[in-house]
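Student: My questions will all concern the structure given below.
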Amino acid sequence: QNNNNNNYRMKIDSNESLQSSGNHSKGISINSGSPSSALSKNIGDGKNFDAQAYLDKRVMTPMQERANALTILPNMFYCMYFVLAGSWLTSEALENTRQSVGDELGIENSMEQDGWADMAQDVFGHQNDFLNHMGCINIPMLPKLYALPPLPVVAGAVGIVAHAPFSFIYHWFYATKLHPSKRVEHWSRRLDHAFIHFASACMSYATSGRMDYFLLTAAFNLDCAYRQFERRVRPRRNQIRIAISILLYTLPVLRRGYYSEF
């Protein structure tokens, strides 16, 4: 009789354990649903977690996008002013030039022009009279532009000025209207990123002044710009490549010891 009672208890215990394990497995199956259902479960303080709202917080509002577009314009205008106003010429350089060439009125017409003056004369032509007998540019509307700037200065300005319109178009017109999921593949964003690489290549020559370094970075940036127009957009890879392109044109600044400017 004792053995029968023990067997009966064992059956009851086993049934209860199976029932509890069954309920536990049901609980697991309920809690381990799809990721989308898991996101909608209560988290922490009992509030529902909205995945879309979480993503929307990381997308700039139309006002922020337009503010971003406006921040691009000062760089473009300053580069144009820097070149056309002759700000790249220091007062020391101007004074040394005056002392080396003497009084302008005493210079003979046979004085040789420098390489930059010859290049300017070939580009603009003799009839425009942009150059005087000293090889300097003489434009009444630009009285401070005494000569053509060096190529590194021109390269830096061209890169920034060329990128600005495409970046402004994307941030002002399309990033404020398109859904975040549609922006990545839009042509305006692709052009914005492509010209970031164009500007990076130009800036690498502006900061290094070396043609070999420019060709190296230009090859990398050309490949990056090409990948911006692939059918499948890979944002993480593109962002990493943009960061590398920026690092490439800032490294010469560190190499020259301009740590504060960096």
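We name chains A, B, ... following the order of the structure tokens; residues begin at 1 in each chain, and ligands are numbered from 1 as shown.
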Extract, using only C-alpha atoms, all DNA, RNA and protein residues at most 12 Å from A:Met63, discarding same-chain residues fewer than 3 positions from it, and format them as a list of chain:residue names.
Tutor: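 So, after excluding close chain neighbours, the residues are A:Val59, A:Met60, A:Arg66, A:Ala67, A:Asn68, A:Ala69, A:Leu70, A:His171, A:Trp172, A:Phe173, A:Ala175, A:Thr176, A:Lys177.
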Student: Write out as a list of chain:residue names which residues come within 9 Å of stretch 214-229 of chain A when counting only C-alpha atoms, dropping same-chain ones fewer than 5 positions away.
Tutor: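 Skipping anything fewer than 5 positions along the chain leaves A:Glu185, A:Trp187, A:Arg190, A:Leu191, A:His193, A:Ala194, A:Phe195, A:Ile196, A:His197, A:Phe198, A:Ser200, A:Ala201, A:Cys202, A:Met203, A:Ser204, A:Tyr205, A:Ala206, A:Ser208, A:Gly209, A:Arg234, A:Asn238, A:Arg241, A:Ile242, A:Ser245, A:Leu248, A:Tyr249.
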Student: Rounded to one decimal, what separation in Å do you get between atom CA of A:Gly86 and atom CA of A:Ile137?
Tutor: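 We find that atom CA of A:Gly86 and atom CA of A:Ile137 lie 11.0 Å from each other.
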Student: Find the residues near A:Val161: any atom within 12 Å, counting only C-alpha atoms, skip ones fewer than 6 places away on the same chain, and give them as number ranges by chain.
Tutor: A: 72-83, 154-155, 167-168, 195-196, 198-199, 202-203
Student: Find the residues near A:Tyr146: any atom within 9 Å, counting only C-alpha atoms, skip ones fewer than 4 places away on the same chain, and give them as a list in words.
Tutor: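 The filter keeps Ala85, Gly86, Leu89, Cys136, Ile137, Asn138, Ile139 and Leu142 of chain A.
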Student: Out of A:Pro165, A:Val233, A:Arg256, A:Ser91, which residue has the shortest atom-to-atom distance to A:Lys182 when counting only C-alpha atoms?
Tutor: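 Of A:Pro165, A:Val233, A:Arg256, A:Ser91, the one nearest A:Lys182 is A:Val233, counting only C-alpha atoms.
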